[in-house]
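Source file: run-v1.pdb; contents: PDB, C-alpha atoms.
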```
ATOM      1  CA  MET A   1     -31.470 -37.420  70.532
ATOM      2  CA  VAL A   2     -34.033 -36.797  67.805
ATOM      3  CA  VAL A   3     -33.875 -38.665  64.523
ATOM      4  CA  GLU A   4     -35.687 -37.059  61.647
ATOM      5  CA  VAL A   5     -36.979 -39.382  58.965
ATOM      6  CA  ASP A   6     -38.005 -38.185  55.542
ATOM      7  CA  VAL A   7     -41.224 -40.139  55.094
ATOM      8  CA  LYS A   8     -41.483 -39.323  51.409
ATOM      9  CA  ALA A   9     -37.971 -40.646  50.682
ATOM     10  CA  VAL A  10     -38.668 -43.824  52.648
ATOM     11  CA  GLY A  11     -41.946 -44.306  50.797
ATOM     12  CA  VAL A  12     -40.302 -43.853  47.405
ATOM     13  CA  THR A  13     -37.523 -46.302  48.287
ATOM     14  CA  LEU A  14     -40.001 -48.833  49.623
ATOM     15  CA  SER A  15     -42.221 -48.561  46.545
ATOM     16  CA  LYS A  16     -39.204 -49.092  44.261
ATOM     17  CA  ALA A  17     -38.188 -52.169  46.249
ATOM     18  CA  VAL A  18     -41.694 -53.620  46.035
ATOM     19  CA  LEU A  19     -41.866 -52.893  42.315
ATOM     20  CA  VAL A  20     -38.575 -54.697  41.733
ATOM     21  CA  ALA A  21     -39.466 -57.608  44.033
ATOM     22  CA  ILE A  22     -42.802 -58.185  42.314
ATOM     23  CA  GLY A  23     -42.296 -56.733  38.854
ATOM     24  CA  VAL A  24     -39.097 -58.532  37.888
ATOM     25  CA  PRO A  25     -40.289 -62.112  38.579
ATOM     26  CA  TYR A  26     -43.637 -61.505  36.886
ATOM     27  CA  GLY A  27     -41.918 -59.794  33.968
ATOM     28  CA  ILE A  28     -39.630 -62.787  33.517
ATOM     29  CA  ALA A  29     -42.615 -65.138  33.714
ATOM     30  CA  ILE A  30     -44.588 -63.185  31.116
ATOM     31  CA  ILE A  31     -41.604 -63.050  28.749
ATOM     32  CA  ALA A  32     -40.917 -66.777  29.190
ATOM     33  CA  HIS A  33     -44.546 -67.755  28.610
ATOM     34  CA  THR A  34     -44.848 -65.440  25.617
ATOM     35  CA  ALA A  35     -41.676 -66.856  24.060
ATOM     36  CA  THR A  36     -42.615 -70.507  24.617
ATOM     37  CA  GLY A  37     -46.384 -70.259  24.302
ATOM     38  CA  TRP A  38     -48.996 -70.103  27.005
ATOM     39  CA  GLN A  39     -50.042 -73.504  28.307
ATOM     40  CA  GLN A  40     -53.537 -74.565  27.323
ATOM     41  CA  SER A  41     -55.770 -75.142  30.299
ATOM     42  CA  ASP A  42     -59.334 -75.893  31.272
ATOM     43  CA  PRO A  43     -61.791 -73.622  29.395
ATOM     44  CA  LYS A  44     -63.409 -72.709  32.710
ATOM     45  CA  GLN A  45     -60.147 -71.250  33.963
ATOM     46  CA  ASN A  46     -58.317 -68.269  32.585
ATOM     47  CA  ARG A  47     -54.974 -69.579  31.323
ATOM     48  CA  PHE A  48     -53.201 -66.336  32.167
ATOM     49  CA  SER A  49     -54.271 -66.311  35.809
ATOM     50  CA  LYS A  50     -53.307 -69.967  36.148
ATOM     51  CA  GLN A  51     -49.805 -69.388  34.753
ATOM     52  CA  LEU A  52     -49.282 -66.191  36.752
ATOM     53  CA  HIS A  53     -50.102 -67.797  40.091
ATOM     54  CA  PRO A  54     -47.422 -66.689  42.582
ATOM     55  CA  SER A  55     -46.111 -70.190  43.287
ATOM     56  CA  ARG A  56     -45.740 -70.940  39.562
ATOM     57  CA  VAL A  57     -43.977 -67.633  38.970
ATOM     58  CA  LEU A  58     -41.498 -68.324  41.767
ATOM     59  CA  ARG A  59     -40.844 -71.880  40.535
ATOM     60  CA  LEU A  60     -40.310 -70.651  36.986
ATOM     61  CA  ASN A  61     -37.876 -67.969  38.133
ATOM     62  CA  TYR A  62     -36.014 -70.502  40.266
ATOM     63  CA  ALA A  63     -35.697 -72.849  37.286
ATOM     64  CA  ILE A  64     -34.490 -70.056  35.001
ATOM     65  CA  GLY A  65     -31.982 -68.957  37.633
ATOM     66  CA  HIS A  66     -30.795 -72.533  37.963
ATOM     67  CA  GLN A  67     -30.203 -72.670  34.197
ATOM     68  CA  PHE A  68     -27.942 -69.618  34.436
ATOM     69  CA  SER A  69     -25.624 -71.589  36.716
ATOM     70  CA  ALA A  70     -24.541 -73.538  33.616
ATOM     71  CA  VAL A  71     -23.158 -70.333  32.078
ATOM     72  CA  LYS A  72     -19.937 -70.774  34.056
ATOM     73  CA  TRP A  73     -19.029 -73.711  31.771
ATOM     74  CA  LEU A  74     -19.239 -71.699  28.522
ATOM     75  CA  PRO A  75     -15.570 -70.572  28.543
ATOM     76  CA  LEU A  76     -14.453 -74.186  28.936
ATOM     77  CA  LEU A  77     -16.705 -75.238  26.065
ATOM     78  CA  ALA A  78     -15.337 -72.457  23.861
ATOM     79  CA  ARG A  79     -11.727 -73.406  24.670
ATOM     80  CA  SER A  80     -12.336 -77.085  23.954
ATOM     81  CA  LYS A  81     -13.986 -76.310  20.608
ATOM     82  CA  THR A  82     -11.130 -73.976  19.659
ATOM     83  CA  PHE A  83      -8.585 -76.590  20.725
ATOM     84  CA  HIS A  84     -10.330 -79.270  18.678
ATOM     85  CA  LYS A  85     -10.600 -77.005  15.638
ATOM     86  CA  ASN A  86      -6.905 -76.039  15.779
ATOM     87  CA  THR A  87      -5.465 -79.555  16.178
ATOM     88  CA  ASP A  88      -3.395 -81.160  13.485
ATOM     89  CA  GLN A  89      -5.449 -83.224  11.033
ATOM     90  CA  SER A  90      -3.115 -86.203  11.494
ATOM     91  CA  LEU A  91      -4.043 -86.357  15.181
ATOM     92  CA  LYS A  92      -7.767 -86.509  14.552
ATOM     93  CA  VAL A  93      -9.208 -90.001  14.532
ATOM     94  CA  SER A  94     -12.274 -90.840  12.525
ATOM     95  CA  LEU A  95     -14.590 -93.168  14.364
ATOM     96  CA  PRO A  96     -16.611 -95.803  12.517
TER      97      PRO A  96
END
```
Turn this file's structure into structure tokens for me.
Amino acid sequence: MVVEVDVKAVGVTLSKAVLVAIGVPYGIAIIAHTATGWQQSDPKQNRFSKQLHPSRVLRLNYAIGHQFSAVKWLPLLARSKTFHKNTDQSLKVSLP
């Protein structure tokens, strides 16, 4: 039994996987640092290379992913705000 493998197709698929595995986390890190400002560091060190260190990039992506877990509570928040807005004024209590 002979199995023929298209080396070019495997290479293209592998290169796309590597690009996604490396490009997406670094892209997120660059966007996050650009939006919030690059951290100032020691003048002897390049601040970009310090912030784009692989361990920092992975920690940043983990933290951003962890923040997205709070998105599941947005429908509950929207319902509670709508419920509060639509209640009768006589039921609302003003606190001192």
Residues near region 29-39 of chain A, cut-off 9 Å, all atoms listed in the file, skip fewer than 3 positions along chain, as a ChimeraX atom specification: /A:24-26,47-48,51-52,56-58,60-61
Record the distance separating CA of Ala63 (chain A) and CA of Val20 (chain A), expressed in Å with one decimal.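 Rounded to one decimal, the two atoms are 18.9 Å apart.
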Two-atom distance - CA of Gly23 (chain A), CA of His53 (chain A) (Å):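 One can read the CA of Gly23 (chain A) to CA of His53 (chain A) distance as 13.6 Å.
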Atom pair CA of Lys16 (chain A) / CA of Gln67 (chain A): separation (Å):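 Computing it gives 27.2 Å between the two atoms.
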Would you kindly place N, CA, C and O atoms on region 25-51 of chain A and return the model as a compact mmCIF listing (two decimals), keeping the file's coordinate frame?
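That gives us selection.txt:
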```txt
# COMPACT_ATOMS: atom_id res chain seq x y z
N PRO A 25 -39.89 -60.71 38.79
CA PRO A 25 -40.29 -62.11 38.58
C PRO A 25 -41.49 -62.27 37.64
O PRO A 25 -41.50 -63.17 36.79
N TYR A 26 -42.49 -61.40 37.78
CA TYR A 26 -43.64 -61.50 36.89
C TYR A 26 -43.27 -61.12 35.46
O TYR A 26 -43.78 -61.70 34.51
N GLY A 27 -42.39 -60.15 35.30
CA GLY A 27 -41.92 -59.79 33.97
C GLY A 27 -41.20 -60.95 33.30
O GLY A 27 -41.41 -61.24 32.11
N ILE A 28 -40.34 -61.62 34.05
CA ILE A 28 -39.63 -62.79 33.52
C ILE A 28 -40.63 -63.88 33.15
O ILE A 28 -40.50 -64.52 32.10
N ALA A 29 -41.61 -64.10 33.99
CA ALA A 29 -42.62 -65.14 33.71
C ALA A 29 -43.41 -64.81 32.46
O ALA A 29 -43.66 -65.69 31.63
N ILE A 30 -43.81 -63.57 32.30
CA ILE A 30 -44.59 -63.18 31.12
C ILE A 30 -43.75 -63.34 29.87
O ILE A 30 -44.21 -63.85 28.84
N ILE A 31 -42.49 -62.91 29.91
CA ILE A 31 -41.60 -63.05 28.75
C ILE A 31 -41.38 -64.53 28.41
O ILE A 31 -41.44 -64.92 27.25
N ALA A 32 -41.15 -65.35 29.43
CA ALA A 32 -40.92 -66.78 29.19
C ALA A 32 -42.16 -67.45 28.60
O ALA A 32 -42.05 -68.24 27.65
N HIS A 33 -43.32 -67.14 29.13
CA HIS A 33 -44.55 -67.76 28.61
C HIS A 33 -44.89 -67.25 27.22
O HIS A 33 -45.41 -67.99 26.39
N THR A 34 -44.59 -65.98 26.95
CA THR A 34 -44.85 -65.44 25.62
C THR A 34 -43.91 -66.07 24.60
O THR A 34 -44.32 -66.38 23.47
N ALA A 35 -42.66 -66.28 24.98
CA ALA A 35 -41.68 -66.86 24.06
C ALA A 35 -41.95 -68.33 23.78
O ALA A 35 -41.76 -68.81 22.66
N THR A 36 -42.42 -69.06 24.78
CA THR A 36 -42.62 -70.51 24.62
C THR A 36 -44.06 -70.89 24.34
O THR A 36 -44.34 -72.03 24.01
N GLY A 37 -44.96 -69.96 24.52
CA GLY A 37 -46.38 -70.26 24.30
C GLY A 37 -47.07 -70.51 25.62
O GLY A 37 -46.56 -71.21 26.48
N TRP A 38 -48.24 -69.94 25.77
CA TRP A 38 -49.00 -70.10 27.00
C TRP A 38 -49.60 -71.50 27.02
O TRP A 38 -50.15 -71.96 26.03
N GLN A 39 -49.52 -72.15 28.16
CA GLN A 39 -50.04 -73.50 28.31
C GLN A 39 -51.56 -73.49 28.18
O GLN A 39 -52.24 -72.63 28.75
N GLN A 40 -52.09 -74.45 27.44
CA GLN A 40 -53.54 -74.56 27.32
C GLN A 40 -54.08 -75.16 28.61
O GLN A 40 -53.49 -76.06 29.19
N SER A 41 -55.20 -74.66 29.04
CA SER A 41 -55.77 -75.14 30.30
C SER A 41 -57.26 -75.36 30.14
O SER A 41 -57.82 -75.25 29.05
N ASP A 42 -57.90 -75.66 31.23
CA ASP A 42 -59.33 -75.89 31.27
C ASP A 42 -60.07 -74.65 30.78
O ASP A 42 -59.74 -73.53 31.18
N PRO A 43 -61.07 -74.80 29.90
CA PRO A 43 -61.79 -73.62 29.40
C PRO A 43 -62.47 -72.80 30.49
O PRO A 43 -62.71 -71.62 30.32
N LYS A 44 -62.76 -73.43 31.62
CA LYS A 44 -63.41 -72.71 32.71
C LYS A 44 -62.43 -71.78 33.42
O LYS A 44 -62.85 -70.85 34.11
N GLN A 45 -61.16 -72.06 33.30
CA GLN A 45 -60.15 -71.25 33.96
C GLN A 45 -59.48 -70.33 32.95
O GLN A 45 -59.30 -70.69 31.80
N ASN A 46 -59.08 -69.19 33.42
CA ASN A 46 -58.32 -68.27 32.58
C ASN A 46 -56.86 -68.75 32.57
O ASN A 46 -56.25 -68.89 33.62
N ARG A 47 -56.32 -69.01 31.40
CA ARG A 47 -54.97 -69.58 31.32
C ARG A 47 -53.92 -68.60 31.82
O ARG A 47 -52.88 -69.01 32.31
N PHE A 48 -54.17 -67.32 31.71
CA PHE A 48 -53.20 -66.34 32.17
C PHE A 48 -53.13 -66.31 33.69
O PHE A 48 -52.05 -66.27 34.26
N SER A 49 -54.28 -66.34 34.35
CA SER A 49 -54.27 -66.31 35.81
C SER A 49 -53.69 -67.60 36.38
O SER A 49 -53.06 -67.58 37.43
N LYS A 50 -53.88 -68.71 35.68
CA LYS A 50 -53.31 -69.97 36.15
C LYS A 50 -51.79 -69.94 36.05
O LYS A 50 -51.09 -70.37 36.96
N GLN A 51 -51.25 -69.41 34.94
CA GLN A 51 -49.80 -69.39 34.75
C GLN A 51 -49.13 -68.29 35.57
O GLN A 51 -47.93 -68.36 35.80
```
